[in-house]
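Shown here: run.txt, compact mmCIF, C-alpha atoms.
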```txt
# COMPACT_ATOMS: atom_id res chain seq x y z
CA MET A 1 -200.40 261.66 45.97
CA LYS A 2 -200.29 258.49 43.91
CA LEU A 3 -198.54 255.35 45.10
CA ASN A 4 -195.86 255.38 42.40
CA SER A 5 -194.95 258.99 43.27
CA TYR A 6 -195.09 258.46 47.04
CA GLN A 7 -192.68 255.54 46.87
CA ASN A 8 -190.03 257.75 45.25
CA LEU A 9 -189.97 260.11 48.24
CA ARG A 10 -188.00 260.18 51.46
CA VAL A 11 -190.01 260.97 54.57
CA ALA A 12 -189.29 261.81 58.21
CA ASN A 13 -188.66 258.75 60.36
CA PHE A 14 -191.04 259.68 63.21
CA SER A 15 -193.80 257.29 62.11
CA VAL A 16 -191.60 254.21 61.95
CA HIS A 17 -189.93 255.20 65.22
CA ALA A 18 -193.31 255.43 66.98
CA LEU A 19 -194.65 252.15 65.54
CA ARG A 20 -191.41 250.33 66.38
CA ARG A 21 -191.66 251.49 70.01
CA ILE A 22 -195.25 250.26 70.27
CA LEU A 23 -194.26 246.83 68.97
CA GLU A 24 -191.42 246.64 71.48
CA GLU A 25 -193.62 247.66 74.41
CA ALA A 26 -196.21 245.06 73.35
CA GLY A 27 -193.55 242.33 73.23
CA LEU A 28 -193.90 241.86 69.48
CA ASP A 29 -191.06 241.13 67.05
CA TRP A 30 -190.10 244.61 65.91
CA ARG A 31 -186.60 243.54 64.83
CA THR A 32 -187.91 241.13 62.20
CA ALA A 33 -190.46 243.74 61.10
CA LEU A 34 -187.68 246.27 60.47
CA ALA A 35 -185.57 243.67 58.71
CA ASP A 36 -188.43 242.60 56.45
CA ALA A 37 -189.02 246.25 55.55
CA GLU A 38 -185.26 246.61 54.88
CA ILE A 39 -184.90 249.44 57.41
CA ASP A 40 -181.70 249.98 59.39
CA PRO A 41 -182.54 250.35 63.12
CA ASP A 42 -180.05 253.22 63.34
CA ALA A 43 -182.06 255.17 60.77
CA VAL A 44 -185.18 254.76 62.90
CA ASN A 45 -183.59 256.12 66.08
CA ARG A 46 -181.72 259.03 64.49
CA PRO A 47 -183.35 262.37 65.44
CA GLY A 48 -184.34 264.23 62.30
CA GLY A 49 -183.60 261.19 60.13
CA THR A 50 -185.39 260.22 56.95
CA ILE A 51 -186.13 256.92 55.24
CA PRO A 52 -187.48 255.95 51.81
CA ALA A 53 -191.26 256.27 51.81
CA LYS A 54 -191.65 252.82 50.25
CA LYS A 55 -189.85 251.34 53.26
CA GLU A 56 -192.07 253.25 55.66
CA LEU A 57 -195.07 251.83 53.83
CA ALA A 58 -193.59 248.32 54.04
CA PHE A 59 -193.09 248.73 57.80
CA GLN A 60 -196.66 249.92 58.28
CA LEU A 61 -197.79 246.70 56.63
CA GLU A 62 -195.53 244.71 58.99
CA PHE A 63 -196.97 246.62 61.94
CA VAL A 64 -200.55 245.89 60.91
CA THR A 65 -199.76 242.21 60.39
CA LEU A 66 -198.29 241.91 63.90
CA THR A 67 -201.11 243.89 65.54
CA ARG A 68 -204.05 242.44 63.62
CA ASP A 69 -207.32 243.38 65.35
CA ARG A 70 -205.41 245.14 68.18
CA VAL A 71 -207.31 248.39 67.99
CA ASP A 72 -205.82 249.39 71.35
CA LEU A 73 -202.36 249.41 69.76
CA TRP A 74 -203.64 251.23 66.68
CA LEU A 75 -205.06 253.96 68.92
CA ARG A 76 -201.74 254.20 70.75
CA ALA A 77 -200.09 254.64 67.38
CA ALA A 78 -202.59 257.36 66.49
CA ARG A 79 -201.45 259.38 69.49
CA ALA A 80 -198.02 259.69 67.88
CA TYR A 81 -199.45 261.60 64.92
CA THR A 82 -199.50 265.11 66.37
CA THR A 83 -199.31 268.48 64.68
CA ALA A 84 -195.64 268.67 65.68
CA THR A 85 -194.85 265.78 63.36
CA VAL A 86 -195.65 267.76 60.23
CA GLY A 87 -193.51 270.84 60.81
CA ALA A 88 -194.76 274.22 59.66
CA ARG A 89 -197.94 272.67 58.30
CA GLY A 90 -198.66 271.27 61.76
CA MET A 91 -198.16 274.65 63.39
CA ALA A 92 -200.54 276.14 60.84
CA LEU A 93 -203.14 273.58 61.90
CA ALA A 94 -202.54 274.19 65.61
CA THR A 95 -203.08 277.96 65.22
CA ALA A 96 -206.10 277.77 62.89
CA PRO A 97 -208.55 280.54 63.88
CA THR A 98 -211.59 278.53 62.70
CA ILE A 99 -212.43 274.95 61.83
CA ALA A 100 -212.91 276.04 58.22
CA SER A 101 -209.33 277.36 58.09
CA TRP A 102 -208.09 274.08 59.61
CA VAL A 103 -209.85 272.11 56.88
CA GLU A 104 -208.43 274.38 54.20
CA ALA A 105 -204.90 273.96 55.58
CA VAL A 106 -205.06 270.19 56.00
CA ASN A 107 -206.48 269.85 52.50
CA ALA A 108 -203.28 271.38 51.10
CA VAL A 109 -201.02 268.57 52.34
CA ASP A 110 -199.11 267.11 49.39
CA TYR A 111 -198.51 263.62 50.74
CA SER A 112 -198.88 261.64 53.93
CA PRO A 113 -197.80 258.34 55.49
CA GLY A 114 -201.18 256.74 54.80
CA LEU A 115 -201.41 257.70 51.12
CA LEU A 116 -204.66 259.38 52.01
CA GLU A 117 -206.53 262.18 50.31
CA ILE A 118 -208.37 264.74 52.45
CA GLY A 119 -211.29 266.81 51.23
CA ALA A 120 -213.84 269.23 52.63
CA LEU A 121 -217.56 268.40 52.84
CA ARG A 122 -219.65 271.50 52.12
CA THR A 123 -223.23 272.67 52.21
CA SER A 124 -224.96 273.92 49.05
CA ASP A 125 -223.74 277.47 49.79
CA GLY A 126 -220.12 276.31 50.18
CA THR A 127 -219.85 276.34 53.97
CA VAL A 128 -217.61 273.62 55.41
CA THR A 129 -219.69 271.03 57.24
CA GLY A 130 -217.28 268.11 57.44
CA VAL A 131 -214.12 266.45 56.23
CA GLN A 132 -213.53 263.15 54.47
CA PHE A 133 -210.53 260.85 54.21
CA THR A 134 -210.14 258.50 51.25
CA TYR A 135 -207.46 255.90 50.61
CA PRO A 136 -207.31 255.37 46.84
CA ASP A 137 -203.79 253.90 46.72
CA THR A 138 -203.57 252.33 50.16
CA ALA A 139 -203.18 248.57 50.43
CA LYS A 140 -206.45 247.12 51.69
CA GLU A 141 -204.63 245.62 54.68
CA LEU A 142 -203.75 249.14 55.84
CA ILE A 143 -207.20 250.72 55.55
CA PRO A 144 -208.53 249.59 58.98
CA PHE A 145 -205.44 250.94 60.75
CA SER A 146 -205.52 254.15 58.67
CA ALA A 147 -209.20 254.74 59.40
CA TYR A 148 -208.75 254.38 63.15
CA ARG A 149 -205.63 256.55 63.06
CA ASP A 150 -207.34 259.37 61.16
CA LEU A 151 -210.54 259.15 63.21
CA TYR A 152 -208.62 259.46 66.46
CA ALA A 153 -206.03 262.02 65.33
CA THR A 154 -208.65 264.33 63.83
CA SER A 155 -211.08 264.13 66.73
CA ARG A 156 -208.26 264.81 69.18
CA SER A 157 -207.06 267.82 67.16
CA PHE A 158 -210.59 269.20 67.06
CA GLU A 159 -211.04 268.65 70.79
CA TRP A 160 -207.92 270.69 71.50
CA LEU A 161 -208.87 273.44 69.04
CA TYR A 162 -212.45 273.61 70.29
CA GLY A 163 -211.50 273.60 73.96
CA GLY A 164 -213.62 270.53 74.74
CA ARG A 165 -215.35 267.58 73.14
CA PHE A 166 -216.08 268.51 69.55
CA PRO A 167 -219.79 268.10 68.67
CA PHE A 168 -219.72 265.88 65.59
CA THR A 169 -223.22 265.31 64.24
CA ARG A 170 -222.42 262.15 62.29
CA ILE A 171 -219.49 259.84 61.60
CA GLU A 172 -219.31 257.50 58.64
CA PHE A 173 -216.75 254.75 59.24
CA PRO A 174 -215.38 252.60 56.39
CA LEU A 175 -215.43 249.30 58.30
CA PRO A 176 -218.25 246.89 59.23
CA GLU A 177 -217.99 247.96 62.86
CA VAL A 178 -216.09 250.40 65.06
CA SER A 179 -214.44 249.52 68.36
CA PRO A 180 -216.20 251.04 71.42
CA GLU A 181 -212.74 251.98 72.68
CA ALA A 182 -212.30 254.37 69.76
CA LEU A 183 -215.63 256.05 70.49
CA THR A 184 -214.69 256.86 74.08
CA TYR A 185 -212.63 259.73 72.68
CA ILE A 186 -215.44 261.10 70.50
CA SER A 187 -218.68 262.96 71.19
CA CYS A 188 -221.11 261.74 68.54
CA ASN A 189 -224.42 259.91 68.80
CA VAL A 190 -224.65 258.84 65.14
CA VAL A 191 -221.98 256.45 63.86
CA GLU A 192 -222.69 254.70 60.58
CA CYS A 193 -220.40 251.78 59.72
CA GLY A 194 -219.77 250.25 56.33
CA SER A 195 -219.41 253.52 54.43
CA GLU A 196 -217.18 253.94 51.38
CA THR A 197 -214.86 256.33 53.17
CA LEU A 198 -214.26 258.04 56.52
CA ARG A 199 -216.42 261.15 56.89
CA LEU A 200 -216.76 263.40 59.94
CA TRP A 201 -219.73 265.81 59.94
CA TRP A 202 -220.65 268.79 62.12
CA ASP A 203 -223.03 271.74 62.18
CA PRO A 204 -221.79 274.17 59.50
CA VAL A 205 -222.26 277.10 61.89
CA ILE A 206 -219.33 275.76 63.93
CA SER A 207 -216.95 276.05 60.99
CA THR A 208 -216.78 279.83 61.15
CA GLU A 209 -216.80 280.27 64.93
CA GLU A 210 -213.64 281.72 66.46
CA LEU A 211 -211.60 279.01 68.18
CA PRO A 212 -210.31 279.67 71.72
CA PHE A 213 -206.69 278.81 70.91
CA GLY A 214 -206.65 280.05 67.33
CA ASN A 215 -204.53 282.92 66.12
CA ALA A 216 -205.18 284.24 62.64
CA PHE A 217 -201.88 286.12 62.46
CA GLN A 218 -199.76 283.15 63.52
CA HIS A 219 -201.80 280.84 61.30
CA ALA A 220 -201.10 283.04 58.28
CA ALA A 221 -197.41 283.20 59.20
CA TRP A 222 -197.10 279.40 59.42
CA ILE A 223 -199.00 278.94 56.17
CA LYS A 224 -196.57 281.37 54.57
CA ALA A 225 -193.58 279.49 56.01
CA ASP A 226 -194.98 276.19 54.77
CA THR A 227 -195.52 277.50 51.25
CA GLU A 228 -192.56 279.87 51.05
CA VAL A 229 -190.66 277.87 48.45
CA LEU A 230 -193.76 277.43 46.32
CA ASP A 231 -194.68 281.11 46.64
CA SER A 232 -191.16 282.09 45.59
CA PHE A 233 -191.46 279.98 42.48
CA ARG A 234 -194.83 281.46 41.58
CA ALA A 235 -193.38 284.95 41.94
CA THR A 236 -190.19 284.40 39.92
CA GLY A 237 -190.83 281.43 37.63
CA ASP A 238 -187.14 280.60 38.18
CA TRP A 239 -187.05 276.79 38.35
CA PRO A 240 -183.33 276.34 39.18
CA ASP A 241 -183.40 279.02 41.89
CA THR A 242 -186.57 277.63 43.44
CA VAL A 243 -185.19 274.08 43.45
CA ALA A 244 -182.02 275.39 45.09
CA LYS A 245 -184.10 277.10 47.80
CA ALA A 246 -186.05 273.90 48.42
CA ILE A 247 -182.84 271.91 48.87
CA ARG A 248 -181.29 274.54 51.14
CA ALA A 249 -184.45 274.67 53.28
CA ALA A 250 -184.47 270.90 53.91
CA PRO A 251 -181.38 269.17 52.45
CA ALA A 252 -182.04 265.83 54.16
CA LEU A 253 -185.59 265.62 52.78
CA ASN A 254 -185.02 267.20 49.37
CA ARG A 255 -182.09 265.20 48.08
CA LYS A 256 -184.43 263.43 45.68
CA LEU A 257 -186.09 264.92 42.63
CA ALA A 258 -189.44 263.44 43.64
CA ASN A 259 -189.41 265.22 47.01
CA VAL A 260 -188.71 268.62 45.46
CA ALA A 261 -191.37 267.96 42.84
CA ALA A 262 -193.89 267.24 45.62
CA THR A 263 -192.97 270.53 47.29
CA LEU A 264 -193.55 272.40 44.02
CA GLN A 265 -196.75 270.42 43.31
CA VAL A 266 -195.56 269.16 39.93
CA SER A 267 -194.65 265.71 38.67
CA PRO A 268 -190.99 264.62 38.83
CA ARG A 269 -190.99 264.36 35.03
CA THR A 270 -192.23 267.94 34.66
CA LEU A 271 -189.61 269.24 37.08
CA GLN A 272 -186.81 267.42 35.28
CA ARG A 273 -187.97 268.81 31.95
CA LYS A 274 -188.19 272.37 33.28
CA LEU A 275 -184.67 272.17 34.65
CA GLU A 276 -183.34 270.77 31.40
CA LEU A 277 -184.95 273.62 29.47
CA ALA A 278 -183.11 276.04 31.77
CA GLY A 279 -179.83 274.22 31.14
CA HIS A 280 -179.63 272.49 34.52
CA ASP A 281 -179.44 268.92 35.76
CA PHE A 282 -181.06 268.14 39.10
CA ALA A 283 -178.22 265.98 40.42
CA GLU A 284 -175.61 268.59 39.54
CA LEU A 285 -177.68 271.39 41.04
CA ARG A 286 -178.26 269.38 44.21
CA ASP A 287 -174.58 268.53 44.60
CA GLU A 288 -173.64 272.19 44.14
CA ILE A 289 -176.02 273.21 46.94
CA LEU A 290 -174.96 270.37 49.24
CA CYS A 291 -171.30 271.25 48.67
CA ASP A 292 -171.93 274.89 49.59
CA LEU A 293 -173.83 273.87 52.71
CA ALA A 294 -171.13 271.39 53.70
CA CYS A 295 -168.34 273.94 53.26
CA ASP A 296 -170.23 276.48 55.35
CA LEU A 297 -170.86 274.00 58.17
CA LEU A 298 -167.28 272.76 58.14
CA SER A 299 -165.88 276.30 58.21
CA ASN A 300 -168.33 278.03 60.52
CA SER A 301 -169.55 275.42 62.99
CA ASP A 302 -168.07 272.91 65.38
CA HIS A 303 -170.51 270.19 64.33
CA SER A 304 -168.96 266.75 63.94
CA ILE A 305 -168.51 265.25 60.48
CA SER A 306 -171.17 262.68 61.38
CA ARG A 307 -173.67 265.36 62.36
CA ILE A 308 -173.02 267.34 59.18
CA SER A 309 -173.48 264.20 57.09
CA ARG A 310 -176.87 263.55 58.74
CA THR A 311 -177.91 267.18 58.26
CA LEU A 312 -177.25 266.83 54.55
CA GLY A 313 -179.11 263.53 54.30
CA TYR A 314 -176.25 261.05 54.04
CA LYS A 315 -176.72 257.70 55.73
CA ASP A 316 -173.25 257.82 57.30
CA ALA A 317 -170.07 259.88 57.46
CA ALA A 318 -168.27 257.60 55.00
CA SER A 319 -170.81 258.31 52.24
CA PHE A 320 -170.55 262.03 52.90
CA THR A 321 -166.75 261.89 52.81
CA ILE A 322 -166.77 260.16 49.43
CA ALA A 323 -169.10 262.82 48.03
CA PHE A 324 -167.10 265.69 49.51
CA LYS A 325 -163.83 264.36 48.08
CA ARG A 326 -165.53 264.27 44.68
CA TRP A 327 -166.60 267.90 45.08
CA ARG A 328 -163.49 269.41 46.63
CA GLY A 329 -160.71 266.90 46.01
CA MET A 330 -160.06 266.42 49.73
CA PRO A 331 -161.85 264.86 52.71
CA PRO A 332 -164.06 267.12 54.85
CA SER A 333 -161.65 266.92 57.80
CA ALA A 334 -158.83 268.32 55.65
CA TYR A 335 -161.09 271.10 54.35
CA ARG A 336 -162.00 272.04 57.93
CA ASP A 337 -158.35 272.13 58.97
CA ALA A 338 -157.46 274.29 55.98
CA SER A 339 -160.32 276.71 56.67
CA GLN A 340 -158.85 277.53 60.06
CA TYR A 341 -155.96 279.31 58.38
CA ARG A 342 -157.94 281.66 56.17
CA PRO A 343 -156.88 285.32 56.56
CA ASP A 344 -160.35 286.29 57.76
CA SER A 345 -160.66 283.48 60.29
CA GLY A 346 -159.05 285.40 63.11
CA SER A 347 -156.93 282.36 64.07
CA PRO A 348 -153.40 282.85 65.37
CA ASP A 349 -150.43 282.02 63.12
```
What is this file in structure tokens?
Amino acid sequence: MKLNSYQNLRVANFSVHALRRILEEAGLDWRTALADAEIDPDAVNRPGGTIPAKKELAFQLEFVTLTRDRVDLWLRAARAYTTATVGARGMALATAPTIASWVEAVNAVDYSPGLLEIGALRTSDGTVTGVQFTYPDTAKELIPFSAYRDLYATSRSFEWLYGGRFPFTRIEFPLPEVSPEALTYISCNVVECGSETLRLWWDPVISTEELPFGNAFQHAAWIKADTEVLDSFRATGDWPDTVAKAIRAAPALNRKLANVAATLQVSPRTLQRKLELAGHDFAELRDEILCDLACDLLSNSDHSISRISRTLGYKDAASFTIAFKRWRGMPPSAYRDASQYRPDSGSPD
């Protein structure tokens, strides 16, 4: 994922929420950090909320500036990056039957908060013997934090999967030195600092061993759930229908063309061109889907207007109301009232 593409996305707010809390607990100026990153505090504390990826990146830079050389705080931040924070993909990782399947699943991630790229290290016969993390588009100020985060998060995931300390044979760390505090979580006697990238190595035999908490059936099911939209597109070749499914599956995240393009593993320009060739405009298609979802929620749920607006990715109820009036010619509250009197509603006269 390149920087210019990443900055056009919206991402879940969990990372900023976690970093903000760490700054507050450490007595550091989190309010100014949010303001400098142009992030509304309400957006950070809203469960299931999203924020522009470029603002998340800006806040990470603010966090690193305020916590310079505080590896203890970086490691606390790393604890927030669990498998639960990446949805179906995270569940696929948590149920991986082997380390090799974990590496294959994590290598399929389309984008991440650190703008990192993840790749497998293999023996001459193709067996997985390690994993590497590179940061081609990450600001140099973020690389130390990112390296510690990925070292800790990966070693902790492996420890849980393996049922004990994971026996790394060698670690290559892309900084002049590594904090002893970070190594207390890792079982490895060979740590080489000053490498070009972060690499974690292990005996290739371990890659194919059955993991105690793995489940091949569940792993396959979560992989399928994570790639369902993409698989549907590959089966049908129907761009408009596939885009519609992507928006319906995650309306708050997929309001932007760039996010849907990332899901389909194509460039935003390619997606726009494909839709145009099929006689569709992304904004019009998106609004049609959002309108249908809004009408369904207003008619068939007791969710508040504010909750519905958040579900659909609007920053507040007022913005949602303006959009709904454009779609239906009336405010959402009036539409809800009118829907109560439909013949099939079962409501009394």
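Closest approach to A:Gly164 among A:Phe213, A:Leu121, A:Val131, A:Ala250: A:Phe213, based on only C-alpha atoms.
Counting only C-alpha atoms and comparing A:Ile99, A:Leu290, A:Leu271, A:Ala221, the residue that lies closest to A:Trp202 is A:Ile99.
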For this session: For A:Leu175, work out the shell of residues within 10 Å, counting only C-alpha atoms and skipping chain neighbours fewer than 3 positions away, then give it as a ChimeraX atom specification.
Result: /A:143-144,147-148,172,178,192-198
Exercise. Using all atoms listed in the file, which of the listed residues (A:Leu312, A:Leu19, A:Tyr162, A:Val11) sits closest to A:Leu297?
Worked result: A:Leu312
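One finds atom CA of A:Leu257 at 29.4 Å from atom CA of A:Arg336.
Of the listed residues A:Ala100, A:Ala153, A:Leu23, A:Val205, the one whose atoms come nearest to A:Thr65 is A:Leu23, with distances taken using only C-alpha atoms.
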Can you put N, CA and C atoms back into stretch 60-78 of chain A and show it as a PDB file, keeping the file's coordinate frame?
```pdb
ATOM      1  N   GLN A  60    -195.276 249.815  57.828  1.00  0.00           N
ATOM      2  CA  GLN A  60    -196.660 249.920  58.280  1.00  0.00           C
ATOM      3  C   GLN A  60    -197.407 248.612  58.048  1.00  0.00           C
ATOM      4  N   LEU A  61    -197.148 247.985  56.909  1.00  0.00           N
ATOM      5  CA  LEU A  61    -197.790 246.700  56.630  1.00  0.00           C
ATOM      6  C   LEU A  61    -197.333 245.634  57.621  1.00  0.00           C
ATOM      7  N   GLU A  62    -196.038 245.641  57.979  1.00  0.00           N
ATOM      8  CA  GLU A  62    -195.530 244.710  58.990  1.00  0.00           C
ATOM      9  C   GLU A  62    -196.195 244.974  60.334  1.00  0.00           C
ATOM     10  N   PHE A  63    -196.337 246.247  60.670  1.00  0.00           N
ATOM     11  CA  PHE A  63    -196.970 246.620  61.940  1.00  0.00           C
ATOM     12  C   PHE A  63    -198.405 246.107  62.007  1.00  0.00           C
ATOM     13  N   VAL A  64    -199.153 246.310  60.936  1.00  0.00           N
ATOM     14  CA  VAL A  64    -200.550 245.890  60.910  1.00  0.00           C
ATOM     15  C   VAL A  64    -200.662 244.367  60.991  1.00  0.00           C
ATOM     16  N   THR A  65    -199.747 243.672  60.337  1.00  0.00           N
ATOM     17  CA  THR A  65    -199.760 242.210  60.390  1.00  0.00           C
ATOM     18  C   THR A  65    -199.539 241.713  61.815  1.00  0.00           C
ATOM     19  N   LEU A  66    -198.604 242.335  62.530  1.00  0.00           N
ATOM     20  CA  LEU A  66    -198.290 241.910  63.900  1.00  0.00           C
ATOM     21  C   LEU A  66    -199.365 242.334  64.900  1.00  0.00           C
ATOM     22  N   THR A  67    -200.120 243.363  64.588  1.00  0.00           N
ATOM     23  CA  THR A  67    -201.110 243.890  65.540  1.00  0.00           C
ATOM     24  C   THR A  67    -202.536 243.669  65.036  1.00  0.00           C
ATOM     25  N   ARG A  68    -202.735 242.670  64.218  1.00  0.00           N
ATOM     26  CA  ARG A  68    -204.050 242.440  63.620  1.00  0.00           C
ATOM     27  C   ARG A  68    -205.144 242.424  64.690  1.00  0.00           C
ATOM     28  N   ASP A  69    -206.158 243.267  64.465  1.00  0.00           N
ATOM     29  CA  ASP A  69    -207.320 243.380  65.350  1.00  0.00           C
ATOM     30  C   ASP A  69    -206.977 243.961  66.733  1.00  0.00           C
ATOM     31  N   ARG A  70    -205.769 244.500  66.911  1.00  0.00           N
ATOM     32  CA  ARG A  70    -205.410 245.140  68.180  1.00  0.00           C
ATOM     33  C   ARG A  70    -205.671 246.641  68.064  1.00  0.00           C
ATOM     34  N   VAL A  71    -206.945 246.986  68.129  1.00  0.00           N
ATOM     35  CA  VAL A  71    -207.310 248.390  67.990  1.00  0.00           C
ATOM     36  C   VAL A  71    -206.678 249.230  69.091  1.00  0.00           C
ATOM     37  N   ASP A  72    -206.461 248.645  70.263  1.00  0.00           N
ATOM     38  CA  ASP A  72    -205.820 249.390  71.350  1.00  0.00           C
ATOM     39  C   ASP A  72    -204.434 249.861  70.943  1.00  0.00           C
ATOM     40  N   LEU A  73    -203.687 249.015  70.216  1.00  0.00           N
ATOM     41  CA  LEU A  73    -202.360 249.410  69.760  1.00  0.00           C
ATOM     42  C   LEU A  73    -202.448 250.407  68.607  1.00  0.00           C
ATOM     43  N   TRP A  74    -203.460 250.272  67.780  1.00  0.00           N
ATOM     44  CA  TRP A  74    -203.640 251.230  66.680  1.00  0.00           C
ATOM     45  C   TRP A  74    -203.938 252.623  67.249  1.00  0.00           C
ATOM     46  N   LEU A  75    -204.740 252.676  68.317  1.00  0.00           N
ATOM     47  CA  LEU A  75    -205.060 253.960  68.920  1.00  0.00           C
ATOM     48  C   LEU A  75    -203.834 254.555  69.612  1.00  0.00           C
ATOM     49  N   ARG A  76    -203.002 253.702  70.185  1.00  0.00           N
ATOM     50  CA  ARG A  76    -201.740 254.200  70.750  1.00  0.00           C
ATOM     51  C   ARG A  76    -200.874 254.782  69.647  1.00  0.00           C
ATOM     52  N   ALA A  77    -200.861 254.131  68.514  1.00  0.00           N
ATOM     53  CA  ALA A  77    -200.090 254.640  67.380  1.00  0.00           C
ATOM     54  C   ALA A  77    -200.651 255.985  66.924  1.00  0.00           C
ATOM     55  N   ALA A  78    -201.966 256.114  66.940  1.00  0.00           N
ATOM     56  CA  ALA A  78    -202.590 257.360  66.490  1.00  0.00           C
ATOM     57  C   ALA A  78    -202.158 258.541  67.341  1.00  0.00           C
TER      58      ALA A  78
END
```
